[in-house]
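Engineer: What follows is a structure written as structure tokens; I'll ask about it next.
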Amino acid sequence: MYYLFNSNKMFFLFILFFSTMISISANSWFGCWIGLEINLLSFIPLISNSNNLLSSEASLKYFLTQSIASMNFLFSILIKMTLMKNFEMNNFISIMINSSLLMKMGSAPFHFWFPNISEGLSWFNNFILMTWQKITPMILLSYYLNMKFLYIIIMINVMIGAIGGLNQTSLRKIMAFSSINNLGWMIFSIMISENLWMFYFFMYSFLISIMFFLFYVLNMFFINQLFINNMKFMIKMNLLINFLSLGGLPPFIGFLPKWIIINFLMINKFYLLTFIMVMSSLITIFFYIRIIYSSFLFNYFKMKWFKIYLKNNFMNLINFFSLISLMGMIFSTFLFM
């Protein structure tokens with residue numbers, strides 16, 4: 001809500017959306033690079049806050065990592081333009097371009113900045129970082145795919161995203177590692193088709209928007225707040241449904257895009273990749289269930305006098321989205337009949 005009443009933030013938010021359009025509609029690599037730079041320079045004022053040391057640190061870290069990735073990207077496209085005829089260098093250049101774009105979106109093994117920065121951001125800024133900021137690098141990645149390199153990257157992404165979230169107590173870091181895990185699925189979906197990637201991206205954005213909205217309204221940043229605070233049962237149920245949907249458990253809508261990808265993997269005999277991706281999803285579901293299990297079972301008697309309620313219009317909206325998440329899979333099953 002803060003963004004709606006702050007003209008500076010609104011201006012930079014508009015530039016952020018506009019810069020993505022510049023990049024994805026550019027007809028040269030140089031135009032794409034300019035769009036990425038405008039995107040970087042518009043996101044930093046959104047995340048920096050003089051009253052909060054963590055967000056100031058996060059904006060500086062973000063600037064440094066994105067600058068390194070941008071330099072790498074610019075260097076790669078200059079080599080590509082000068083050595084156009086040299087096919088031996090083609091593989092090396094594609095790896096360089098892919099690596100710089102992967103670093104820009106916080107993909108493993110270039111992910112080390114991502115959880116640290118997400119820890120210093122508000123829920124709304126985290127939502128932008130985990131959704132909108134991935135659009136440009138993803139679209140540019142689809143222009144110049146290096147298949148063998150990206151198969152390795154997908155495996156690293158899903159494994160690090162699953163294992164990294166196991167020992168975290170911060171909800172923002174858990175969501176960051178979950179984002180890294182989902183990025184592995186997204187990269188594979190864009191290798192199959194852009195339409196499938198758009199569908200997966202939309203579903204992922206929809207699910208984390210509900211989660212982030214809930215965390216924002218309840219003012220939650222750490223796991224222990226979920227069971228120290230005495231929440232209403234329906235709020236806990238909404239958290240359970242959306243966490244499981246985000247993990248990709250079958251009756252929920254979050255499983256549908258993963259189902260399509262697994263279907264493609266099995267048809268094309270990528271058995272090892274299927275096994276790694278499914279096992280990593282099971283690990284992410286495990287740490288989601290661990291969070292929910294705690295919030296359902298633990299009860300602090302000291303907090304009995306303090307009951308968290310949400311306004312009726314907020315609660316109705318969240319209930320409606322959770323119902324879509326729960327019922328969507330049942331309707332979407334008809335697509336395969």
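Residues in the structure tokens are numbered from 1 in each chain, the chains being A, B, ... in the order shown, and ligands are numbered from 1 in the order shown.
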Contacts of stretch 76-85 of chain A at 12 Å or less, counting only C-alpha atoms, minus same-chain residues fewer than 4 places along, as a VMD selection string?

Structural biologist: chain A and resid 28 to 33 69 to 72 89 to 101 144

Engineer: Neighbouring residues of A:Ile324 were defined as those with any atom within 12 Å, considering only C-alpha atoms; residues of the same chain fewer than 6 positions away were excluded. Please report them as a VMD selection string.

Structural biologist: chain A and resid 203 206 to 207 210 238 241 to 242 245 251 to 254 317 to 318 330 to 332

Engineer: Go ahead and save the picked residues with all heavy atoms, as a compact mmCIF listing (two decimals), in the first residue's frame.

Structural biologist:
```txt
# COMPACT_ATOMS: atom_id res chain seq x y z
N MET A 203 1.49 -19.47 -12.84
CA MET A 203 1.04 -20.28 -11.69
C MET A 203 1.92 -20.01 -10.48
O MET A 203 1.41 -19.84 -9.36
CB MET A 203 1.10 -21.78 -12.03
CG MET A 203 0.11 -22.27 -13.02
SD MET A 203 -1.59 -21.83 -12.68
CE MET A 203 -1.79 -22.41 -11.04
N PHE A 206 1.18 -16.54 -9.08
CA PHE A 206 -0.13 -16.57 -8.41
C PHE A 206 -0.01 -17.15 -7.01
O PHE A 206 -0.50 -16.58 -6.03
CB PHE A 206 -1.12 -17.37 -9.26
CG PHE A 206 -2.42 -17.71 -8.57
CD1 PHE A 206 -3.35 -16.71 -8.31
CD2 PHE A 206 -2.71 -19.01 -8.19
CE1 PHE A 206 -4.55 -17.01 -7.67
CE2 PHE A 206 -3.90 -19.32 -7.55
CZ PHE A 206 -4.82 -18.32 -7.29
N LEU A 207 0.70 -18.28 -6.90
CA LEU A 207 0.82 -18.96 -5.60
C LEU A 207 1.64 -18.16 -4.60
O LEU A 207 1.25 -18.02 -3.44
CB LEU A 207 1.43 -20.36 -5.79
CG LEU A 207 0.52 -21.38 -6.47
CD1 LEU A 207 1.29 -22.62 -6.85
CD2 LEU A 207 -0.66 -21.73 -5.58
N ILE A 210 -0.18 -15.06 -3.08
CA ILE A 210 -1.08 -15.36 -1.95
C ILE A 210 -0.26 -15.51 -0.67
O ILE A 210 -0.59 -14.95 0.38
CB ILE A 210 -1.89 -16.66 -2.19
CG1 ILE A 210 -2.68 -16.60 -3.49
CG2 ILE A 210 -2.83 -16.93 -1.02
CD1 ILE A 210 -3.23 -17.92 -3.93
N ASN A 238 -5.41 -21.95 5.14
CA ASN A 238 -4.98 -21.27 3.91
C ASN A 238 -3.48 -21.41 3.69
O ASN A 238 -3.03 -21.63 2.57
CB ASN A 238 -5.37 -19.78 3.97
CG ASN A 238 -6.83 -19.56 3.65
OD1 ASN A 238 -7.35 -20.11 2.70
ND2 ASN A 238 -7.51 -18.78 4.47
N ILE A 241 -2.81 -25.08 2.52
CA ILE A 241 -3.20 -25.32 1.13
C ILE A 241 -2.19 -24.68 0.17
O ILE A 241 -1.73 -25.32 -0.79
CB ILE A 241 -4.63 -24.78 0.85
CG1 ILE A 241 -5.67 -25.65 1.56
CG2 ILE A 241 -4.93 -24.73 -0.65
CD1 ILE A 241 -7.06 -25.06 1.61
N ASN A 242 -1.82 -23.41 0.44
CA ASN A 242 -0.94 -22.71 -0.49
C ASN A 242 0.51 -23.20 -0.43
O ASN A 242 1.19 -23.22 -1.45
CB ASN A 242 -1.03 -21.20 -0.26
CG ASN A 242 -2.37 -20.67 -0.69
OD1 ASN A 242 -2.78 -20.83 -1.82
ND2 ASN A 242 -3.10 -20.07 0.24
N SER A 245 0.46 -26.47 -2.34
CA SER A 245 0.30 -26.19 -3.77
C SER A 245 1.61 -25.69 -4.38
O SER A 245 1.98 -26.07 -5.48
CB SER A 245 -0.80 -25.16 -3.96
OG SER A 245 -1.13 -25.03 -5.30
N PRO A 251 -3.17 -33.00 -5.51
CA PRO A 251 -4.53 -32.45 -5.70
C PRO A 251 -4.58 -30.95 -5.92
O PRO A 251 -5.61 -30.41 -6.25
CB PRO A 251 -5.27 -32.83 -4.41
CG PRO A 251 -4.22 -33.18 -3.44
CD PRO A 251 -2.96 -33.46 -4.16
N PHE A 252 -3.46 -30.26 -5.72
CA PHE A 252 -3.46 -28.80 -5.80
C PHE A 252 -3.01 -28.31 -7.18
O PHE A 252 -2.34 -29.02 -7.90
CB PHE A 252 -2.56 -28.21 -4.71
CG PHE A 252 -2.93 -28.65 -3.33
CD1 PHE A 252 -2.23 -29.66 -2.69
CD2 PHE A 252 -4.00 -28.07 -2.67
CE1 PHE A 252 -2.59 -30.09 -1.42
CE2 PHE A 252 -4.37 -28.48 -1.40
CZ PHE A 252 -3.66 -29.49 -0.77
N ILE A 253 -3.39 -27.06 -7.48
CA ILE A 253 -3.14 -26.49 -8.81
C ILE A 253 -1.64 -26.37 -9.12
O ILE A 253 -1.24 -26.42 -10.28
CB ILE A 253 -3.86 -25.11 -8.94
CG1 ILE A 253 -3.92 -24.63 -10.39
CG2 ILE A 253 -3.21 -24.05 -8.08
CD1 ILE A 253 -4.93 -25.31 -11.23
N GLY A 254 -0.80 -26.23 -8.11
CA GLY A 254 0.65 -26.10 -8.32
C GLY A 254 1.29 -27.32 -8.96
O GLY A 254 2.39 -27.24 -9.49
N LEU A 317 -10.99 -12.91 0.29
CA LEU A 317 -10.12 -12.93 -0.89
C LEU A 317 -9.15 -14.11 -0.82
O LEU A 317 -9.00 -14.87 -1.78
CB LEU A 317 -9.33 -11.61 -0.96
CG LEU A 317 -8.45 -11.39 -2.19
CD1 LEU A 317 -9.31 -11.19 -3.43
CD2 LEU A 317 -7.53 -10.20 -1.99
N ILE A 318 -8.52 -14.29 0.36
CA ILE A 318 -7.56 -15.38 0.54
C ILE A 318 -8.26 -16.73 0.46
O ILE A 318 -7.75 -17.67 -0.15
CB ILE A 318 -6.78 -15.21 1.87
CG1 ILE A 318 -5.84 -14.00 1.76
CG2 ILE A 318 -5.96 -16.45 2.20
CD1 ILE A 318 -5.33 -13.48 3.07
N ILE A 330 -8.57 -30.35 -9.99
CA ILE A 330 -9.66 -31.27 -10.35
C ILE A 330 -10.21 -30.89 -11.73
O ILE A 330 -10.41 -31.74 -12.59
CB ILE A 330 -10.78 -31.23 -9.28
CG1 ILE A 330 -10.22 -31.69 -7.92
CG2 ILE A 330 -11.97 -32.08 -9.68
CD1 ILE A 330 -11.00 -31.29 -6.72
N PHE A 331 -10.40 -29.57 -11.96
CA PHE A 331 -10.90 -29.12 -13.26
C PHE A 331 -9.85 -29.29 -14.36
O PHE A 331 -10.17 -29.65 -15.48
CB PHE A 331 -11.35 -27.65 -13.18
CG PHE A 331 -12.52 -27.44 -12.24
CD1 PHE A 331 -12.43 -26.57 -11.17
CD2 PHE A 331 -13.70 -28.14 -12.43
CE1 PHE A 331 -13.50 -26.40 -10.29
CE2 PHE A 331 -14.79 -27.97 -11.57
CZ PHE A 331 -14.68 -27.09 -10.50
N SER A 332 -8.59 -29.01 -14.00
CA SER A 332 -7.53 -29.08 -15.01
C SER A 332 -7.23 -30.51 -15.44
O SER A 332 -6.65 -30.73 -16.50
CB SER A 332 -6.25 -28.41 -14.49
OG SER A 332 -5.82 -29.04 -13.32
```

Engineer: To one decimal in Å, tell me the separation between atom CA of A:Phe255 and atom CA of A:Thr20.

Structural biologist: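 Between atom CA of A:Phe255 and atom CA of A:Thr20 the gap works out to 28.2 Å.
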
Engineer: Would you list the contacts of A:Gly247 as a list of chain:residue names, taking every protein, DNA or RNA residue within 8 Å and counting only C-alpha atoms, but skipping same-chain residues closer than 5 positions in sequence?

Structural biologist: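 Contacts, with the query itself left out: A:Gly254, A:Phe255, A:Ser281, A:Leu282, A:Thr284, A:Ile285, A:Tyr288.
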
Engineer: Got time to write the residues from that selection, all heavy atoms, as a PDB file, in the first residue's frame?

Structural biologist:
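And here's again_27.pdb as it stands now:
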```
ATOM      1  N   GLY A 254      -0.799 -26.231  -8.106  1.00  0.00           N
ATOM      2  CA  GLY A 254       0.654 -26.098  -8.316  1.00  0.00           C
ATOM      3  C   GLY A 254       1.289 -27.320  -8.960  1.00  0.00           C
ATOM      4  O   GLY A 254       2.391 -27.244  -9.494  1.00  0.00           O
ATOM      5  N   PHE A 255       0.569 -28.459  -8.894  1.00  0.00           N
ATOM      6  CA  PHE A 255       1.106 -29.684  -9.491  1.00  0.00           C
ATOM      7  C   PHE A 255       0.948 -29.701 -11.008  1.00  0.00           C
ATOM      8  O   PHE A 255       1.731 -30.350 -11.700  1.00  0.00           O
ATOM      9  CB  PHE A 255       0.416 -30.905  -8.875  1.00  0.00           C
ATOM     10  CG  PHE A 255       0.830 -32.226  -9.483  1.00  0.00           C
ATOM     11  CD1 PHE A 255       2.138 -32.681  -9.377  1.00  0.00           C
ATOM     12  CD2 PHE A 255      -0.080 -33.004 -10.173  1.00  0.00           C
ATOM     13  CE1 PHE A 255       2.527 -33.891  -9.947  1.00  0.00           C
ATOM     14  CE2 PHE A 255       0.299 -34.213 -10.745  1.00  0.00           C
ATOM     15  CZ  PHE A 255       1.609 -34.654 -10.627  1.00  0.00           C
ATOM     16  N   SER A 281      11.483 -31.897  -5.294  1.00  0.00           N
ATOM     17  CA  SER A 281      10.158 -31.382  -4.939  1.00  0.00           C
ATOM     18  C   SER A 281       9.660 -31.999  -3.633  1.00  0.00           C
ATOM     19  O   SER A 281       9.016 -31.324  -2.832  1.00  0.00           O
ATOM     20  CB  SER A 281       9.151 -31.681  -6.044  1.00  0.00           C
ATOM     21  OG  SER A 281       9.250 -30.714  -7.050  1.00  0.00           O
ATOM     22  N   LEU A 282       9.980 -33.282  -3.428  1.00  0.00           N
ATOM     23  CA  LEU A 282       9.575 -33.950  -2.188  1.00  0.00           C
ATOM     24  C   LEU A 282      10.266 -33.321  -0.979  1.00  0.00           C
ATOM     25  O   LEU A 282       9.657 -33.166   0.078  1.00  0.00           O
ATOM     26  CB  LEU A 282       9.916 -35.453  -2.244  1.00  0.00           C
ATOM     27  CG  LEU A 282       9.012 -36.316  -3.116  1.00  0.00           C
ATOM     28  CD1 LEU A 282       9.527 -37.737  -3.184  1.00  0.00           C
ATOM     29  CD2 LEU A 282       7.589 -36.313  -2.578  1.00  0.00           C
ATOM     30  N   THR A 284      11.297 -30.164  -0.781  1.00  0.00           N
ATOM     31  CA  THR A 284      10.678 -28.849  -0.531  1.00  0.00           C
ATOM     32  C   THR A 284       9.327 -29.021   0.169  1.00  0.00           C
ATOM     33  O   THR A 284       9.020 -28.275   1.099  1.00  0.00           O
ATOM     34  CB  THR A 284      10.469 -28.031  -1.830  1.00  0.00           C
ATOM     35  OG1 THR A 284       9.744 -28.816  -2.762  1.00  0.00           O
ATOM     36  CG2 THR A 284      11.767 -27.595  -2.437  1.00  0.00           C
ATOM     37  N   ILE A 285       8.547 -30.037  -0.240  1.00  0.00           N
ATOM     38  CA  ILE A 285       7.266 -30.303   0.433  1.00  0.00           C
ATOM     39  C   ILE A 285       7.516 -30.670   1.893  1.00  0.00           C
ATOM     40  O   ILE A 285       6.768 -30.258   2.782  1.00  0.00           O
ATOM     41  CB  ILE A 285       6.467 -31.418  -0.301  1.00  0.00           C
ATOM     42  CG1 ILE A 285       5.964 -30.909  -1.654  1.00  0.00           C
ATOM     43  CG2 ILE A 285       5.270 -31.880   0.539  1.00  0.00           C
ATOM     44  CD1 ILE A 285       5.424 -31.972  -2.567  1.00  0.00           C
ATOM     45  N   TYR A 288       8.075 -27.529   3.872  1.00  0.00           N
ATOM     46  CA  TYR A 288       6.815 -26.781   3.979  1.00  0.00           C
ATOM     47  C   TYR A 288       5.913 -27.419   5.039  1.00  0.00           C
ATOM     48  O   TYR A 288       5.329 -26.727   5.868  1.00  0.00           O
ATOM     49  CB  TYR A 288       6.056 -26.765   2.646  1.00  0.00           C
ATOM     50  CG  TYR A 288       6.694 -25.968   1.540  1.00  0.00           C
ATOM     51  CD1 TYR A 288       6.483 -26.295   0.203  1.00  0.00           C
ATOM     52  CD2 TYR A 288       7.496 -24.868   1.819  1.00  0.00           C
ATOM     53  CE1 TYR A 288       7.056 -25.556  -0.822  1.00  0.00           C
ATOM     54  CE2 TYR A 288       8.071 -24.127   0.803  1.00  0.00           C
ATOM     55  CZ  TYR A 288       7.848 -24.480  -0.514  1.00  0.00           C
ATOM     56  OH  TYR A 288       8.413 -23.755  -1.522  1.00  0.00           O
TER      57      TYR A 288
END
```

Engineer: With distances taken over only C-alpha atoms, which of A:Thr169, A:Phe227, A:Lys258, A:Ile152 is nearest to A:Leu273?

Structural biologist: A:Ile152

Engineer: Just want the 12 Å neighbourhood of A:Leu60, counted on only C-alpha atoms, with same-chain residues fewer than 5 positions away dropped. Output as JSON, numbers by chain.

Structural biologist: {"A": [40, 41, 43, 44, 45, 47, 48, 49, 53, 54, 55, 65, 66, 67, 113, 116, 117, 120]}

Engineer: Would you write out those residues with C-alpha atoms, as an mmCIF file, in the first residue's frame?

Structural biologist:
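What landed in out.cif:
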```cif
data_model
loop_
_atom_site.group_PDB
_atom_site.id
_atom_site.type_symbol
_atom_site.label_atom_id
_atom_site.label_comp_id
_atom_site.auth_asym_id
_atom_site.auth_seq_id
_atom_site.Cartn_x
_atom_site.Cartn_y
_atom_site.Cartn_z
ATOM 1 C CA LEU A 40 18.665 -2.470 -12.396
ATOM 2 C CA LEU A 41 18.714 1.302 -11.856
ATOM 3 C CA PHE A 43 14.857 -1.506 -8.813
ATOM 4 C CA ILE A 44 17.563 -0.133 -6.480
ATOM 5 C CA PRO A 45 15.537 2.951 -5.367
ATOM 6 C CA ILE A 47 14.529 -1.596 -2.324
ATOM 7 C CA SER A 48 16.745 0.978 -0.600
ATOM 8 C CA ASN A 49 15.388 2.462 2.602
ATOM 9 C CA LEU A 53 20.186 -0.881 7.418
ATOM 10 C CA LEU A 54 19.348 -4.361 6.058
ATOM 11 C CA SER A 55 17.591 -2.971 2.979
ATOM 12 C CA THR A 65 26.104 -8.602 -8.303
ATOM 13 C CA GLN A 66 23.924 -7.244 -11.119
ATOM 14 C CA SER A 67 26.777 -4.989 -12.310
ATOM 15 C CA TRP A 113 23.545 -13.243 -3.325
ATOM 16 C CA ASN A 116 20.987 -12.723 1.554
ATOM 17 C CA ILE A 117 19.318 -9.962 -0.438
ATOM 18 C CA GLY A 120 16.786 -7.494 3.662
#
```

Engineer: Quick one: pull the distance between atom CA of A:Asn230 and atom CA of A:Leu171, Å, one decimal.

Structural biologist: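 Distance between the two atoms: 17.6 Å.
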
Engineer: Restricting the calculation to only C-alpha atoms: of A:Ile235, A:Leu326, A:Met266, A:Leu226, which residue gets closest to A:Arg290?

Structural biologist: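 Between A:Ile235, A:Leu326, A:Met266, A:Leu226, the residue approaching A:Arg290 most closely is A:Leu226.
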
Engineer: Name the residues of stretch 24-240 of chain A that come out as strand (DSSP E or B) in a backbone DSSP run; write them as a PyMOL selection string.

Structural biologist: chain A and resi 170+222+230-231

Engineer: By how many Å are atom CA of A:Pro115 and atom CA of A:Leu166 apart?

Structural biologist: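 Distance between the two atoms: 13.2 Å.
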
Engineer: Could you write out, as an mmCIF file with C-alpha atoms, in the first residue's frame, all the residues of stretch 56-157 of chain A that DSSP marks as helix (DSSP H, G or I)?

Structural biologist:
```cif
data_model
loop_
_atom_site.group_PDB
_atom_site.id
_atom_site.type_symbol
_atom_site.label_atom_id
_atom_site.label_comp_id
_atom_site.auth_asym_id
_atom_site.auth_seq_id
_atom_site.Cartn_x
_atom_site.Cartn_y
_atom_site.Cartn_z
ATOM 1 C CA SER A 56 20.449 -0.493 2.325
ATOM 2 C CA GLU A 57 22.906 -3.387 2.486
ATOM 3 C CA ALA A 58 20.638 -5.473 0.232
ATOM 4 C CA SER A 59 20.458 -2.687 -2.381
ATOM 5 C CA LEU A 60 24.278 -2.374 -2.421
ATOM 6 C CA LYS A 61 24.754 -6.155 -2.747
ATOM 7 C CA TYR A 62 22.129 -6.258 -5.490
ATOM 8 C CA PHE A 63 23.862 -3.443 -7.381
ATOM 9 C CA LEU A 64 27.292 -5.146 -7.203
ATOM 10 C CA THR A 65 26.104 -8.602 -8.303
ATOM 11 C CA GLN A 66 23.924 -7.244 -11.119
ATOM 12 C CA SER A 67 26.777 -4.989 -12.310
ATOM 13 C CA ILE A 68 29.136 -7.983 -12.522
ATOM 14 C CA ALA A 69 26.491 -9.953 -14.459
ATOM 15 C CA SER A 70 25.870 -6.965 -16.769
ATOM 16 C CA MET A 71 29.596 -6.550 -17.496
ATOM 17 C CA ASN A 72 29.844 -10.247 -18.269
ATOM 18 C CA PHE A 73 26.789 -10.019 -20.551
ATOM 19 C CA LEU A 74 28.105 -6.946 -22.395
ATOM 20 C CA PHE A 75 31.561 -8.548 -22.788
ATOM 21 C CA SER A 76 29.920 -11.722 -24.180
ATOM 22 C CA ILE A 77 27.758 -9.916 -26.746
ATOM 23 C CA LEU A 78 30.758 -7.821 -27.911
ATOM 24 C CA ILE A 79 32.780 -11.024 -28.469
ATOM 25 C CA LYS A 80 29.759 -12.532 -30.255
ATOM 26 C CA MET A 81 29.525 -9.531 -32.605
ATOM 27 C CA THR A 82 33.266 -9.448 -33.401
ATOM 28 C CA PHE A 87 32.006 -21.248 -34.960
ATOM 29 C CA GLU A 88 34.560 -22.761 -32.544
ATOM 30 C CA MET A 89 33.942 -19.885 -30.120
ATOM 31 C CA ASN A 90 30.160 -20.240 -30.400
ATOM 32 C CA ASN A 91 29.806 -22.773 -27.571
ATOM 33 C CA PHE A 92 31.972 -20.693 -25.224
ATOM 34 C CA ILE A 93 30.023 -17.486 -25.992
ATOM 35 C CA SER A 94 26.661 -19.197 -25.410
ATOM 36 C CA ILE A 95 27.878 -20.454 -21.999
ATOM 37 C CA MET A 96 29.094 -16.919 -21.148
ATOM 38 C CA ILE A 97 25.760 -15.304 -22.124
ATOM 39 C CA ASN A 98 23.748 -18.018 -20.339
ATOM 40 C CA SER A 99 25.893 -17.688 -17.175
ATOM 41 C CA SER A 100 25.480 -13.908 -16.983
ATOM 42 C CA LEU A 101 21.690 -14.200 -17.422
ATOM 43 C CA LEU A 102 21.521 -16.993 -14.823
ATOM 44 C CA MET A 103 23.450 -14.787 -12.410
ATOM 45 C CA LYS A 104 21.002 -11.946 -13.053
ATOM 46 C CA TRP A 113 23.545 -13.243 -3.325
ATOM 47 C CA PHE A 114 19.891 -14.206 -3.649
ATOM 48 C CA PRO A 115 18.881 -15.455 -0.131
ATOM 49 C CA ASN A 116 20.987 -12.723 1.554
ATOM 50 C CA ILE A 117 19.318 -9.962 -0.438
ATOM 51 C CA SER A 118 15.812 -11.391 0.045
ATOM 52 C CA GLU A 119 16.416 -11.292 3.817
ATOM 53 C CA TRP A 123 7.461 -8.897 1.202
ATOM 54 C CA PHE A 124 6.376 -6.724 -1.753
ATOM 55 C CA ASN A 125 9.980 -6.174 -2.912
ATOM 56 C CA ASN A 126 10.627 -9.888 -2.507
ATOM 57 C CA PHE A 127 7.631 -10.595 -4.714
ATOM 58 C CA ILE A 128 9.060 -8.319 -7.449
ATOM 59 C CA LEU A 129 12.528 -9.914 -7.080
ATOM 60 C CA MET A 130 11.168 -13.476 -7.339
ATOM 61 C CA TRP A 132 9.073 -9.747 -12.362
ATOM 62 C CA GLN A 133 12.873 -9.612 -12.177
ATOM 63 C CA LYS A 134 13.075 -13.119 -13.682
ATOM 64 C CA ILE A 135 11.087 -12.278 -16.840
ATOM 65 C CA THR A 136 13.792 -10.423 -18.815
ATOM 66 C CA PRO A 137 16.696 -12.858 -18.172
ATOM 67 C CA MET A 138 14.388 -15.807 -18.919
ATOM 68 C CA ILE A 139 13.198 -14.424 -22.260
ATOM 69 C CA LEU A 140 16.795 -13.532 -23.248
ATOM 70 C CA LEU A 141 17.942 -17.006 -22.178
ATOM 71 C CA SER A 142 15.416 -18.553 -24.572
ATOM 72 C CA TYR A 143 17.102 -16.722 -27.504
ATOM 73 C CA MET A 147 21.207 -27.304 -23.904
ATOM 74 C CA LYS A 148 24.016 -29.404 -22.348
ATOM 75 C CA PHE A 149 25.078 -26.574 -20.040
ATOM 76 C CA LEU A 150 21.482 -25.882 -18.975
ATOM 77 C CA TYR A 151 20.748 -29.541 -18.094
ATOM 78 C CA ILE A 152 23.545 -29.352 -15.502
ATOM 79 C CA ILE A 153 22.235 -25.965 -14.284
ATOM 80 C CA ILE A 154 18.695 -27.391 -13.863
ATOM 81 C CA MET A 155 20.015 -30.285 -11.749
ATOM 82 C CA ILE A 156 22.076 -27.912 -9.559
ATOM 83 C CA ASN A 157 19.093 -25.540 -9.205
#
```

Engineer: With only C-alpha atoms as the atoms that count, which of A:Leu239, A:Leu246, A:Ile192, A:Ile289 lies nearest to A:Ile262?

Structural biologist: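 Distance minimum relative to A:Ile262 lands on A:Ile192.
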
Engineer: I'd like to know which of A:Leu297, A:Leu272, A:Leu265, A:Met327 is closest to A:Ile228, using only C-alpha atoms.

Structural biologist: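 The answer is A:Leu297, which sits nearest to A:Ile228.
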
Engineer: Can you tell me, as a list of chain:residue names, what residues are no more than 12 Å from A:Asn263 when counting only C-alpha atoms, ignoring any on the same chain fewer than 5 positions away?

Structural biologist: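 Selected residues are A:Ser189, A:Ile192, A:Phe255, A:Leu256, A:Pro257, A:Lys258, A:Asn268, A:Lys269, A:Phe270, A:Tyr271, A:Thr274, A:Val278, A:Phe336.
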
Engineer: Could you list, as a ChimeraX atom specification, every residue within 12 Å of A:Phe314, counting only C-alpha atoms and ignoring same-chain residues fewer than 6 positions away?

Structural biologist: /A:210,213-214,216-218,235,320-321
